[in-house]
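Asker: Quick one, target_30.cif (mmCIF, C-alpha atoms and all ligand atoms):
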data_coords
loop_
_atom_site.label_atom_id
_atom_site.label_comp_id
_atom_site.auth_asym_id
_atom_site.auth_seq_id
_atom_site.Cartn_x
_atom_site.Cartn_y
_atom_site.Cartn_z
CA MET A 1 -22.53 18.35 19.54
CA ASN A 2 -21.62 16.05 16.70
CA ILE A 3 -18.71 13.79 17.63
CA PRO A 4 -16.98 11.60 15.03
CA LEU A 5 -15.24 8.33 15.80
CA SER A 6 -11.93 9.73 14.62
CA LYS A 7 -10.50 12.87 13.11
CA PRO A 8 -7.08 13.55 11.57
CA TRP A 9 -4.97 16.35 13.01
CA VAL A 10 -3.64 18.40 10.11
CA THR A 11 -1.86 21.65 11.00
CA GLU A 12 -0.90 24.70 8.94
CA GLU A 13 2.65 23.39 9.00
CA ASP A 14 1.48 20.10 7.45
CA ILE A 15 -0.33 22.00 4.72
CA LYS A 16 2.78 24.09 4.00
CA ALA A 17 4.89 20.94 3.76
CA VAL A 18 2.51 19.50 1.19
CA GLU A 19 2.36 22.76 -0.73
CA GLU A 20 6.15 22.95 -0.95
CA VAL A 21 6.31 19.58 -2.71
CA LEU A 22 3.80 20.77 -5.26
CA ARG A 23 6.21 23.58 -6.18
CA THR A 24 8.94 21.05 -7.08
CA PRO A 25 9.15 18.64 -10.02
CA TYR A 26 9.45 15.67 -7.60
CA LEU A 27 5.94 14.38 -6.98
CA SER A 28 6.77 10.67 -6.82
CA LEU A 29 9.93 8.62 -6.03
CA GLY A 30 11.56 11.91 -4.99
CA PRO A 31 13.51 13.18 -1.96
CA LYS A 32 10.50 13.20 0.38
CA LEU A 33 10.09 9.45 -0.07
CA LYS A 34 13.70 8.87 1.03
CA GLU A 35 13.38 11.22 3.98
CA PHE A 36 10.10 9.65 5.14
CA GLU A 37 11.53 6.14 4.86
CA SER A 38 14.61 7.03 6.82
CA MET A 39 12.52 8.56 9.64
CA LEU A 40 10.31 5.45 9.77
CA ALA A 41 13.26 3.05 9.83
CA GLY A 42 14.58 5.08 12.78
CA ILE A 43 11.30 4.80 14.72
CA ALA A 44 11.21 1.00 14.32
CA LYS A 45 15.00 0.67 14.74
CA ARG A 46 15.17 -1.14 11.39
CA LYS A 47 17.80 -1.02 8.65
CA TYR A 48 15.33 -0.63 5.80
CA ALA A 49 11.95 0.97 5.14
CA VAL A 50 9.87 0.77 1.96
CA ALA A 51 7.01 3.27 1.99
CA VAL A 52 3.98 2.31 -0.07
CA ASN A 53 0.42 3.42 -0.76
CA SER A 54 -1.22 1.46 2.09
CA GLY A 55 -0.59 -0.83 5.02
CA THR A 56 -2.29 -3.59 3.05
CA SER A 57 0.22 -3.18 0.20
CA ALA A 58 3.08 -3.40 2.72
CA LEU A 59 1.66 -6.64 4.13
CA HIS A 60 1.24 -8.08 0.65
CA LEU A 61 4.86 -7.25 -0.23
CA ILE A 62 6.06 -9.08 2.89
CA ILE A 63 4.06 -12.20 2.01
CA ARG A 64 5.33 -12.16 -1.57
CA SER A 65 8.94 -11.39 -0.64
CA LEU A 66 8.93 -14.41 1.67
CA GLY A 67 7.69 -16.61 -1.17
CA ILE A 68 4.52 -17.64 0.69
CA LYS A 69 2.28 -19.27 -1.89
CA ASP A 70 -0.60 -21.57 -2.75
CA GLY A 71 -0.83 -24.42 -0.25
CA ASP A 72 1.15 -22.67 2.51
CA GLU A 73 -0.37 -21.76 5.86
CA VAL A 74 0.11 -18.63 7.91
CA ILE A 75 -0.94 -18.55 11.55
CA THR A 76 -2.69 -15.32 12.48
CA THR A 77 -5.42 -13.75 14.60
CA PRO A 78 -9.13 -13.57 13.77
CA PHE A 79 -9.46 -10.43 15.91
CA SER A 80 -8.00 -7.78 13.62
CA PHE A 81 -8.71 -5.59 10.66
CA VAL A 82 -9.41 -7.90 7.74
CA ALA A 83 -6.28 -6.87 5.78
CA SER A 84 -3.98 -8.79 8.14
CA SER A 85 -5.36 -12.08 6.89
CA ASN A 86 -6.46 -10.97 3.42
CA CYS A 87 -2.79 -10.42 2.53
CA VAL A 88 -2.30 -14.18 2.92
CA LEU A 89 -5.27 -14.87 0.63
CA PHE A 90 -3.76 -12.60 -2.06
CA GLU A 91 -1.11 -15.30 -2.59
CA ARG A 92 -3.62 -18.16 -2.27
CA ALA A 93 -2.09 -19.29 1.00
CA LYS A 94 -4.34 -20.12 3.95
CA PRO A 95 -4.72 -18.00 7.08
CA VAL A 96 -4.95 -20.39 10.03
CA PHE A 97 -6.55 -18.62 12.96
CA VAL A 98 -5.56 -18.89 16.60
CA ASP A 99 -7.75 -17.42 19.34
CA ILE A 100 -6.81 -14.36 21.39
CA ASP A 101 -5.89 -13.42 24.92
CA PRO A 102 -9.08 -12.18 26.63
CA LYS A 103 -7.34 -9.18 28.21
CA THR A 104 -4.97 -7.80 25.58
CA TYR A 105 -7.03 -9.05 22.60
CA ASN A 106 -3.75 -10.10 20.93
CA ILE A 107 -3.05 -13.57 19.54
CA ASN A 108 -2.62 -16.08 22.38
CA PRO A 109 0.87 -17.58 21.91
CA ASP A 110 0.01 -20.56 24.12
CA LEU A 111 -2.47 -21.78 21.49
CA ILE A 112 -0.17 -21.49 18.48
CA GLU A 113 1.88 -24.68 18.58
CA GLU A 114 -1.13 -26.98 18.31
CA ARG A 115 -2.03 -25.30 14.98
CA ILE A 116 1.41 -25.70 13.38
CA THR A 117 1.55 -28.21 10.51
CA GLU A 118 4.05 -29.11 7.78
CA LYS A 119 2.43 -26.44 5.65
CA THR A 120 2.93 -23.62 8.16
CA LYS A 121 5.37 -21.02 6.85
CA ALA A 122 4.81 -18.01 9.07
CA ILE A 123 3.18 -16.47 12.11
CA LEU A 124 1.62 -13.07 11.44
CA ALA A 125 0.75 -11.34 14.70
CA VAL A 126 -0.98 -7.98 15.08
CA ASP A 127 -0.39 -5.23 17.66
CA VAL A 128 -4.11 -4.79 18.23
CA PHE A 129 -5.37 -1.26 18.95
CA GLY A 130 -1.75 -0.15 19.50
CA GLN A 131 -0.83 -2.75 22.11
CA PRO A 132 2.16 -4.93 21.16
CA ALA A 133 1.63 -8.68 20.96
CA ASP A 134 3.73 -10.96 23.18
CA TRP A 135 6.81 -10.78 20.96
CA ASP A 136 9.19 -12.71 23.22
CA LYS A 137 6.94 -15.77 23.28
CA LEU A 138 6.17 -15.45 19.56
CA THR A 139 9.88 -15.23 18.72
CA VAL A 140 10.66 -18.41 20.67
CA ILE A 141 7.87 -20.35 18.91
CA ALA A 142 8.85 -19.06 15.45
CA LYS A 143 12.52 -19.98 16.00
CA LYS A 144 11.69 -23.41 17.40
CA HIS A 145 9.57 -24.32 14.36
CA ASN A 146 11.66 -22.44 11.81
CA LEU A 147 8.82 -20.10 10.81
CA TYR A 148 8.91 -16.52 9.57
CA LEU A 149 7.55 -14.07 12.12
CA ILE A 150 5.67 -11.07 10.68
CA GLU A 151 4.55 -8.04 12.68
CA ASP A 152 1.42 -6.18 11.64
CA SER A 153 2.02 -3.01 13.57
CA ALA A 154 -0.35 -0.95 11.42
CA GLU A 155 -2.03 0.35 14.58
CA ALA A 156 0.97 0.73 16.86
CA ILE A 157 3.53 3.24 15.59
CA GLY A 158 5.44 4.54 18.61
CA SER A 159 4.37 1.80 21.04
CA GLU A 160 6.98 -0.19 22.95
CA TYR A 161 7.16 -3.77 24.18
CA LYS A 162 9.64 -4.22 27.05
CA GLY A 163 11.34 -1.01 25.92
CA ARG A 164 11.65 -2.10 22.30
CA PRO A 165 9.71 -0.32 19.53
CA ALA A 166 6.67 -1.81 17.80
CA GLY A 167 7.67 -2.58 14.23
CA SER A 168 11.06 -3.98 15.30
CA PHE A 169 9.96 -7.61 15.75
CA GLY A 170 10.11 -10.52 13.35
CA VAL A 171 11.56 -10.64 9.88
CA ALA A 172 9.46 -7.70 8.67
CA SER A 173 6.71 -5.40 9.91
CA VAL A 174 4.32 -2.69 8.76
CA PHE A 175 2.87 0.63 9.89
CA ALA A 176 -0.21 2.19 8.26
CA PHE A 177 -1.27 5.80 7.80
CA TYR A 178 -4.97 5.99 6.97
CA PRO A 179 -6.56 9.17 8.44
CA ASN A 180 -7.81 7.36 11.57
CA LYS A 181 -4.24 6.40 12.55
CA GLN A 182 -1.91 8.16 15.00
CA ILE A 183 -0.21 9.89 12.07
CA THR A 184 -1.61 10.06 8.56
CA THR A 185 -0.44 10.42 4.98
CA CYS A 186 -4.11 10.30 3.79
CA GLU A 187 -3.41 6.83 2.40
CA GLY A 188 -0.10 5.09 2.99
CA GLY A 189 1.92 2.46 4.74
CA VAL A 190 5.45 1.19 5.17
CA LEU A 191 7.28 -2.12 5.24
CA LEU A 192 10.17 -2.35 7.69
CA THR A 193 12.89 -4.97 7.77
CA ASP A 194 16.55 -5.70 8.49
CA ASP A 195 16.65 -8.26 5.67
CA GLU A 196 18.34 -6.94 2.54
CA ASN A 197 16.63 -9.45 0.29
CA ILE A 198 13.12 -8.52 1.47
CA TYR A 199 14.07 -4.87 1.08
CA LYS A 200 15.29 -5.27 -2.49
CA LEU A 201 12.37 -7.46 -3.57
CA SER A 202 9.72 -5.22 -2.08
CA ARG A 203 11.27 -2.05 -3.53
CA SER A 204 11.20 -3.68 -6.92
CA MET A 205 7.63 -5.03 -6.56
CA ARG A 206 6.41 -1.65 -5.31
CA ASN A 207 7.41 -0.23 -8.66
CA GLN A 208 6.19 -2.70 -11.29
CA GLY A 209 8.92 -5.27 -10.69
CA ARG A 210 11.70 -3.08 -11.99
CA GLY A 211 15.24 -4.36 -11.69
CA GLU A 212 17.67 -3.10 -9.12
CA ASP A 213 18.92 -0.30 -11.33
CA GLU A 214 15.25 0.84 -11.41
CA SER A 215 15.61 1.57 -15.07
CA TRP A 216 12.19 2.55 -16.28
CA LEU A 217 11.33 -0.14 -18.79
CA HIS A 218 13.23 -3.08 -17.42
CA HIS A 219 10.98 -5.46 -15.48
CA THR A 220 12.63 -8.46 -13.86
CA ARG A 221 9.63 -9.84 -11.94
CA LEU A 222 5.90 -9.42 -11.50
CA GLY A 223 5.31 -6.15 -9.72
CA TYR A 224 2.60 -3.73 -8.73
CA ASN A 225 2.04 -0.05 -8.53
CA TYR A 226 2.22 0.35 -4.77
CA ARG A 227 4.06 3.69 -4.98
CA ILE A 228 3.25 6.48 -2.53
CA SER A 229 3.55 10.07 -3.77
CA ASP A 230 6.00 12.61 -2.37
CA ILE A 231 2.98 14.70 -1.40
CA ASN A 232 1.82 11.94 0.95
CA CYS A 233 5.37 11.52 2.25
CA ALA A 234 5.73 15.25 2.96
CA LEU A 235 2.56 15.11 5.05
CA GLY A 236 3.89 12.03 6.85
CA ILE A 237 7.24 13.71 7.61
CA SER A 238 5.52 16.77 8.99
CA GLN A 239 3.23 14.62 11.14
CA LEU A 240 6.06 12.39 12.35
CA LYS A 241 7.88 15.46 13.67
CA ARG A 242 5.24 15.66 16.38
CA LEU A 243 4.75 11.93 16.92
CA GLU A 244 5.82 12.08 20.56
CA LYS A 245 3.39 14.90 21.25
CA ILE A 246 0.61 13.02 19.46
CA ILE A 247 1.25 9.86 21.50
CA GLU A 248 1.23 11.90 24.71
CA MET A 249 -2.02 13.69 23.83
CA ARG A 250 -3.73 10.41 22.89
CA ASP A 251 -2.48 8.79 26.09
CA ASN A 252 -4.00 11.66 28.01
CA VAL A 253 -7.36 11.19 26.25
CA ALA A 254 -7.27 7.47 27.10
CA LYS A 255 -6.49 8.27 30.75
CA ILE A 256 -9.39 10.72 30.97
CA TYR A 257 -11.80 8.20 29.48
CA THR A 258 -10.59 5.44 31.81
CA GLN A 259 -10.90 7.66 34.84
CA LYS A 260 -14.40 8.84 33.93
CA LEU A 261 -15.61 5.34 33.09
CA SER A 262 -13.99 3.50 35.97
CA GLU A 263 -17.12 3.62 38.11
CA VAL A 264 -19.47 2.36 35.41
CA GLU A 265 -20.08 -1.27 36.30
CA GLU A 266 -21.37 -2.22 32.85
CA ILE A 267 -18.06 -1.24 31.24
CA ILE A 268 -14.61 -2.83 31.16
CA THR A 269 -12.01 -0.22 30.21
CA PRO A 270 -8.98 -1.17 28.05
CA TYR A 271 -6.26 -3.24 29.66
CA VAL A 272 -2.64 -2.23 29.20
CA HIS A 273 -0.23 -5.12 29.79
CA PRO A 274 2.86 -4.43 31.96
CA ASP A 275 5.06 -5.50 28.99
CA THR A 276 3.60 -2.56 27.05
CA THR A 277 6.16 -0.10 28.31
CA LYS A 278 4.75 2.58 26.02
CA MET A 279 1.25 2.64 24.58
CA SER A 280 0.56 4.52 21.37
CA TRP A 281 -3.25 4.46 21.35
CA PHE A 282 -4.88 3.80 17.99
CA VAL A 283 -8.45 3.55 19.27
CA TYR A 284 -10.08 3.50 22.68
CA VAL A 285 -12.19 0.34 22.88
CA ILE A 286 -14.40 -0.47 25.83
CA ARG A 287 -16.05 -3.82 26.43
CA LEU A 288 -19.47 -4.36 27.90
CA ALA A 289 -19.40 -6.38 31.11
CA ASP A 290 -19.78 -10.11 30.54
CA ARG A 291 -23.27 -10.50 31.99
CA PHE A 292 -24.52 -7.27 30.37
CA GLY A 293 -23.27 -8.60 27.12
CA ASN A 294 -23.85 -8.86 23.49
CA VAL A 295 -27.59 -8.34 23.26
CA HIS A 296 -27.24 -4.67 24.10
CA ARG A 297 -24.11 -3.71 22.18
CA ASP A 298 -25.57 -2.88 18.79
CA GLN A 299 -28.46 -1.02 20.35
CA ILE A 300 -26.04 1.14 22.34
CA ILE A 301 -24.10 1.99 19.17
CA LYS A 302 -27.34 2.87 17.40
CA GLU A 303 -28.68 5.04 20.23
CA LEU A 304 -25.37 6.92 20.48
CA GLY A 305 -25.55 7.45 16.71
CA ASN A 306 -29.00 8.99 17.16
CA ARG A 307 -27.35 11.42 19.55
CA GLN A 308 -24.68 12.31 16.92
CA ILE A 309 -21.96 10.32 18.67
CA GLN A 310 -20.21 7.92 16.34
CA THR A 311 -18.97 4.65 17.82
CA ARG A 312 -18.09 1.33 16.19
CA ASN A 313 -18.01 -2.41 16.84
CA TYR A 314 -14.22 -2.90 16.54
CA PHE A 315 -13.53 -5.65 15.37
CA GLU A 316 -15.86 -8.05 13.65
CA ALA A 317 -14.33 -11.54 13.91
CA ILE A 318 -12.56 -12.17 10.60
CA HIS A 319 -13.42 -15.88 10.47
CA LEU A 320 -17.13 -14.98 10.47
CA GLU A 321 -16.88 -12.54 7.55
CA PRO A 322 -19.07 -13.98 4.76
CA PHE A 323 -16.26 -14.77 2.33
CA TYR A 324 -14.20 -16.56 5.00
CA VAL A 325 -17.24 -18.61 6.00
CA GLU A 326 -17.83 -19.44 2.35
CA GLN A 327 -14.23 -20.32 1.53
CA PHE A 328 -13.14 -22.10 4.72
CA GLY A 329 -16.40 -23.15 6.38
CA TYR A 330 -15.73 -21.32 9.63
CA LYS A 331 -18.68 -21.10 12.00
CA LYS A 332 -19.70 -19.55 15.28
CA GLY A 333 -17.95 -21.23 18.17
CA ASP A 334 -14.66 -21.81 16.31
CA PHE A 335 -12.81 -19.06 18.20
CA PRO A 336 -14.85 -18.44 21.34
CA VAL A 337 -12.70 -15.76 22.98
CA THR A 338 -12.58 -13.67 19.81
CA GLU A 339 -16.33 -14.02 19.36
CA PHE A 340 -17.07 -13.20 22.99
CA VAL A 341 -14.92 -10.07 22.82
CA SER A 342 -16.03 -8.91 19.40
CA GLU A 343 -19.71 -9.11 20.40
CA ARG A 344 -19.11 -6.79 23.33
CA THR A 345 -16.60 -4.17 22.21
CA ILE A 346 -17.34 -0.55 21.33
CA ALA A 347 -14.75 1.91 20.00
CA LEU A 348 -15.51 5.34 21.45
CA PRO A 349 -14.79 8.64 19.69
CA PHE A 350 -11.03 8.99 19.94
CA TYR A 351 -8.67 11.44 18.28
CA THR A 352 -5.63 13.48 19.22
CA THR A 353 -7.45 16.80 19.51
CA ILE A 354 -10.67 15.67 21.24
CA SER A 355 -11.49 18.08 24.07
CA GLU A 356 -12.38 17.22 27.66
CA GLU A 357 -15.79 18.76 27.02
CA GLU A 358 -16.35 16.34 24.15
CA ILE A 359 -15.16 13.40 26.25
CA ASP A 360 -17.57 14.45 29.02
CA TYR A 361 -20.38 14.61 26.49
CA VAL A 362 -19.58 11.09 25.21
CA VAL A 363 -19.36 9.68 28.74
CA LYS A 364 -22.59 11.34 29.88
CA ASN A 365 -24.52 10.04 26.87
CA LEU A 366 -22.96 6.60 27.07
CA LYS A 367 -24.07 6.27 30.71
CA GLU A 368 -27.58 7.44 29.84
CA VAL A 369 -27.87 5.11 26.86
CA ILE A 370 -26.65 2.12 28.88
CA LEU A 371 -29.35 2.76 31.49
CA GLU A 372 -31.99 3.24 28.83
CA VAL A 373 -31.03 0.07 26.98
CA LYS A 374 -30.79 -1.93 30.19
CA ASN A 375 -34.28 -0.95 31.22
CA SER A 376 -35.85 -1.36 27.82
C1 LIG A 401 -4.24 -4.26 11.87
C2 LIG A 401 -4.28 -3.61 10.53
N1 LIG A 401 -3.65 -4.21 9.51
C3 LIG A 401 -3.62 -3.67 8.28
C4 LIG A 401 -4.25 -2.48 8.00
C5 LIG A 401 -4.26 -2.00 6.60
O1 LIG A 401 -3.81 -0.71 6.42
P1 LIG A 401 -4.40 0.17 5.22
O2 LIG A 401 -5.79 0.55 5.58
O3 LIG A 401 -3.46 1.34 5.17
O4 LIG A 401 -4.33 -0.66 3.99
C6 LIG A 401 -4.90 -1.80 9.04
C7 LIG A 401 -5.53 -0.52 8.77
O5 LIG A 401 -6.57 -0.13 9.09
C8 LIG A 401 -4.94 -2.40 10.32
O6 LIG A 401 -5.61 -1.81 11.32
#
Rewrite the coordinates I just gave you, this time as structure tokens.
Ligand SMILES: Cc1ncc(COP(=O)(O)O)c(C=O)c1O
Answerer:
Amino acid sequence: MNIPLSKPWVTEEDIKAVEEVLRTPYLSLGPKLKEFESMLAGIAKRKYAVAVNSGTSALHLIIRSLGIKDGDEVITTPFSFVASSNCVLFERAKPVFVDIDPKTYNINPDLIEERITEKTKAILAVDVFGQPADWDKLTVIAKKHNLYLIEDSAEAIGSEYKGRPAGSFGVASVFAFYPNKQITTCEGGVLLTDDENIYKLSRSMRNQGRGEDESWLHHTRLGYNYRISDINCALGISQLKRLEKIIEMRDNVAKIYTQKLSEVEEIITPYVHPDTTKMSWFVYVIRLADRFGNVHRDQIIKELGNRQIQTRNYFEAIHLEPFYVEQFGYKKGDFPVTEFVSERTIALPFYTTISEEEIDYVVKNLKEVILEVKNS
């Protein structure tokens, strides 16, 4: 068996939906874009959605729409995909990291206030691996200090925090649709907001800074080409139609893994916080037990790879990425919880259509490899 880390689920219906668009003259900025945006706004219970060509583009548009610029600071997490803090660097502002909660792996709100300065403009929190951050606490802190609150929900479409949908918190949020996500558009993302100004600005900047009338050669501000094609949107619409089923199937995969791994003393299975009233699993990430630790993690990933089972060290700590070290002088020990976690985590093969037989195969090999590595 050859088991990948992730695999998109594309059905015949999806393919037909894409094909249909190709038979129309509307390949970009057409009716599928509008339809996709309206479905996404509904999922996040937002007034406005601006679909773009990636989650990173959506994050960048939020930062720019809020006027965050050189010299400003944005508080965020070092335990995330690098785009959530790169988007701050795009505007020459500074990401100021705050360590994470050791159980949920989300930003620890109790550590935020001590990092707020006169330069702080926003808090950008991430719903890591699909689990919503502590939005009630984050909202209180943001209001108290008059900061923008931004939700990077790239990994959490369909999740709920205290019954409220991921993507509905803060001034604006994003979902992302790379093929490893719960639903995919191949490449794509969306910005969600209730703020008319952010909506108008980001629509304009998505399309080369065109004015509100969107007349083709009238550019009122600096813009980008962050457009997403109607082909991508048609795929997204078709996938979204079975979002609930996808979430259910992924939840079932997570439950099977947790049940089969619960007896393995070297492994800590993912923690779901009681405030996460619905979990839309992006990835299934185990952590090696504290004492078993970091020395064995990379070897386990390598050995599983030799057995054609793809796993990954989700996430590398962002502050230790070479260009962050170079630019900001971060070093080991700066964010101890993030470092501790990121040295011990392994994302297991996880996708909507993975079979129980494949899960069994992963679990069996994982147990064998752990024993082998332990005794080596
Ligand atoms: C937390 C987080 N933020 C942002 C992104 C960026 O999304 P994209 O890859 O679509 O640019 C991702 C995607 O992997 C992500 O996981």
Asker: What's around segment 163-176 of chain A at 9 Å? Count only C-alpha atoms, leave out sequence neighbours fewer than 3 positions away in its own chain, and write the answer as an NGL selection string.
Answerer: :A and (40 or 43-46 or 54-56 or 58-59 or 62 or 127 or 130-132 or 135 or 138-139 or 142 or 148-160 or 181 or 183-185 or 187-195 or 198 or 275-278)
Asker: Figure out the distance between atom CA of Lys137 of chain A and atom CA of Pro109 of chain A, please, to one decimal in Å.
Answerer: 6.5 Å
Asker: What does the distance between atom CA of Lys94 of chain A and atom CA of Ala122 of chain A come to in Å, to one decimal place?
Answerer: 10.7 Å
Asker: I'd like to know which of A:Val325, A:Ile15, A:Leu320, A:Val52 is closest to Tyr224 of chain A, using all atoms listed in the file.
Answerer: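 The shortest atom-to-atom distance to Tyr224 of chain A comes from A:Val52.
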Asker: When you look at Arg227 of chain A with a cut-off of 12 Å (counting all atoms listed in the file), what residues show up, excluding the ones that are within fewer than 2 positions of it in the same chain? I need them as a PyMOL selection string.
Answerer: chain A and resi 27-30+33+50-55+57-58+61+187-190+202-209+223-225+229-233
Asker: Work out how far atom CA of Ile301 of chain A is from atom CA of His319 of chain A, in Å to one decimal.
Answerer: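 It comes out at 22.6 Å.
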Asker: Grab all the atoms of segment 289-298 of chain A that the file lists, wrap them in a box along x, y and z, add 4 Å per side, and give me centre plus edge lengths in Å (one decimal) as JSON.
Answerer:
{"center_x": -23.5, "center_y": -6.7, "center_z": 25.4, "size_x": 16.2, "size_y": 15.6, "size_z": 21.2}
Asker: Env of Ile300 of chain A: 8 Å cut, atoms = only C-alpha atoms, seq-sep filter 2 positions within chain, self excluded. Answer as a PyMOL selection string.
Answerer: chain A and resi 296-298+302-304+366+369-370+373
Asker: Pick from A:Lys121, A:His60, A:Arg287, A:Lys144: nearest to ligand LIG 401 (chain A), with all atoms listed in the file counted?
Answerer: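 The shortest atom-to-atom distance to ligand LIG 401 (chain A) comes from A:His60.
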Asker: Please determine, counting only C-alpha atoms and all ligand atoms, which residue among A:Tyr351, A:Ala234, A:Val126, A:Val88 has the shortest atom-to-atom distance to ligand LIG 401 (chain A).
Answerer: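 Under the stated criterion, the closest residue is A:Val126.
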Asker: May I ask which of the residues A:Ile63, A:Glu13, A:Asp110, A:Phe350 is the closest one to Cys87 of chain A, counting all atoms listed in the file?
Answerer: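 Among A:Ile63, A:Glu13, A:Asp110, A:Phe350, it is A:Ile63 that comes nearest to Cys87 of chain A.
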Asker: Tell me which of A:Met1, A:Ala93, A:Phe282, A:Arg115 sits closest to ligand LIG 401 (chain A), counting only C-alpha atoms and all ligand atoms.
Answerer: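 Ranking A:Met1, A:Ala93, A:Phe282, A:Arg115 by distance to ligand LIG 401 (chain A), first place goes to A:Phe282.
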Asker: Rank nothing, just name the residue among A:Glu37, A:Asp334, A:Asp101, A:Glu118 nearest to Glu73 of chain A, using only C-alpha atoms.
Answerer: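 The closest residue to Glu73 of chain A is A:Glu118.
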Asker: Would you kindly return, as a PyMOL selection string, each protein, DNA or RNA residue with an atom no farther than 12 Å from any atom of Lys241 of chain A, considering all atoms listed in the file and excluding same-chain residues fewer than 4 positions away?
Answerer: chain A and resi 11+13-14+17+35-36+39-40+43+183+234-237+245-247
Asker: Need the shell around Val337 of chain A: protein/DNA/RNA residues with any atom at most 12 Å away, counting all atoms listed in the file. Skip same-chain ones fewer than 5 positions apart. Format as a ChimeraX atom specification?
Answerer: /A:77-79,98-108,111,290,317,332,342-344
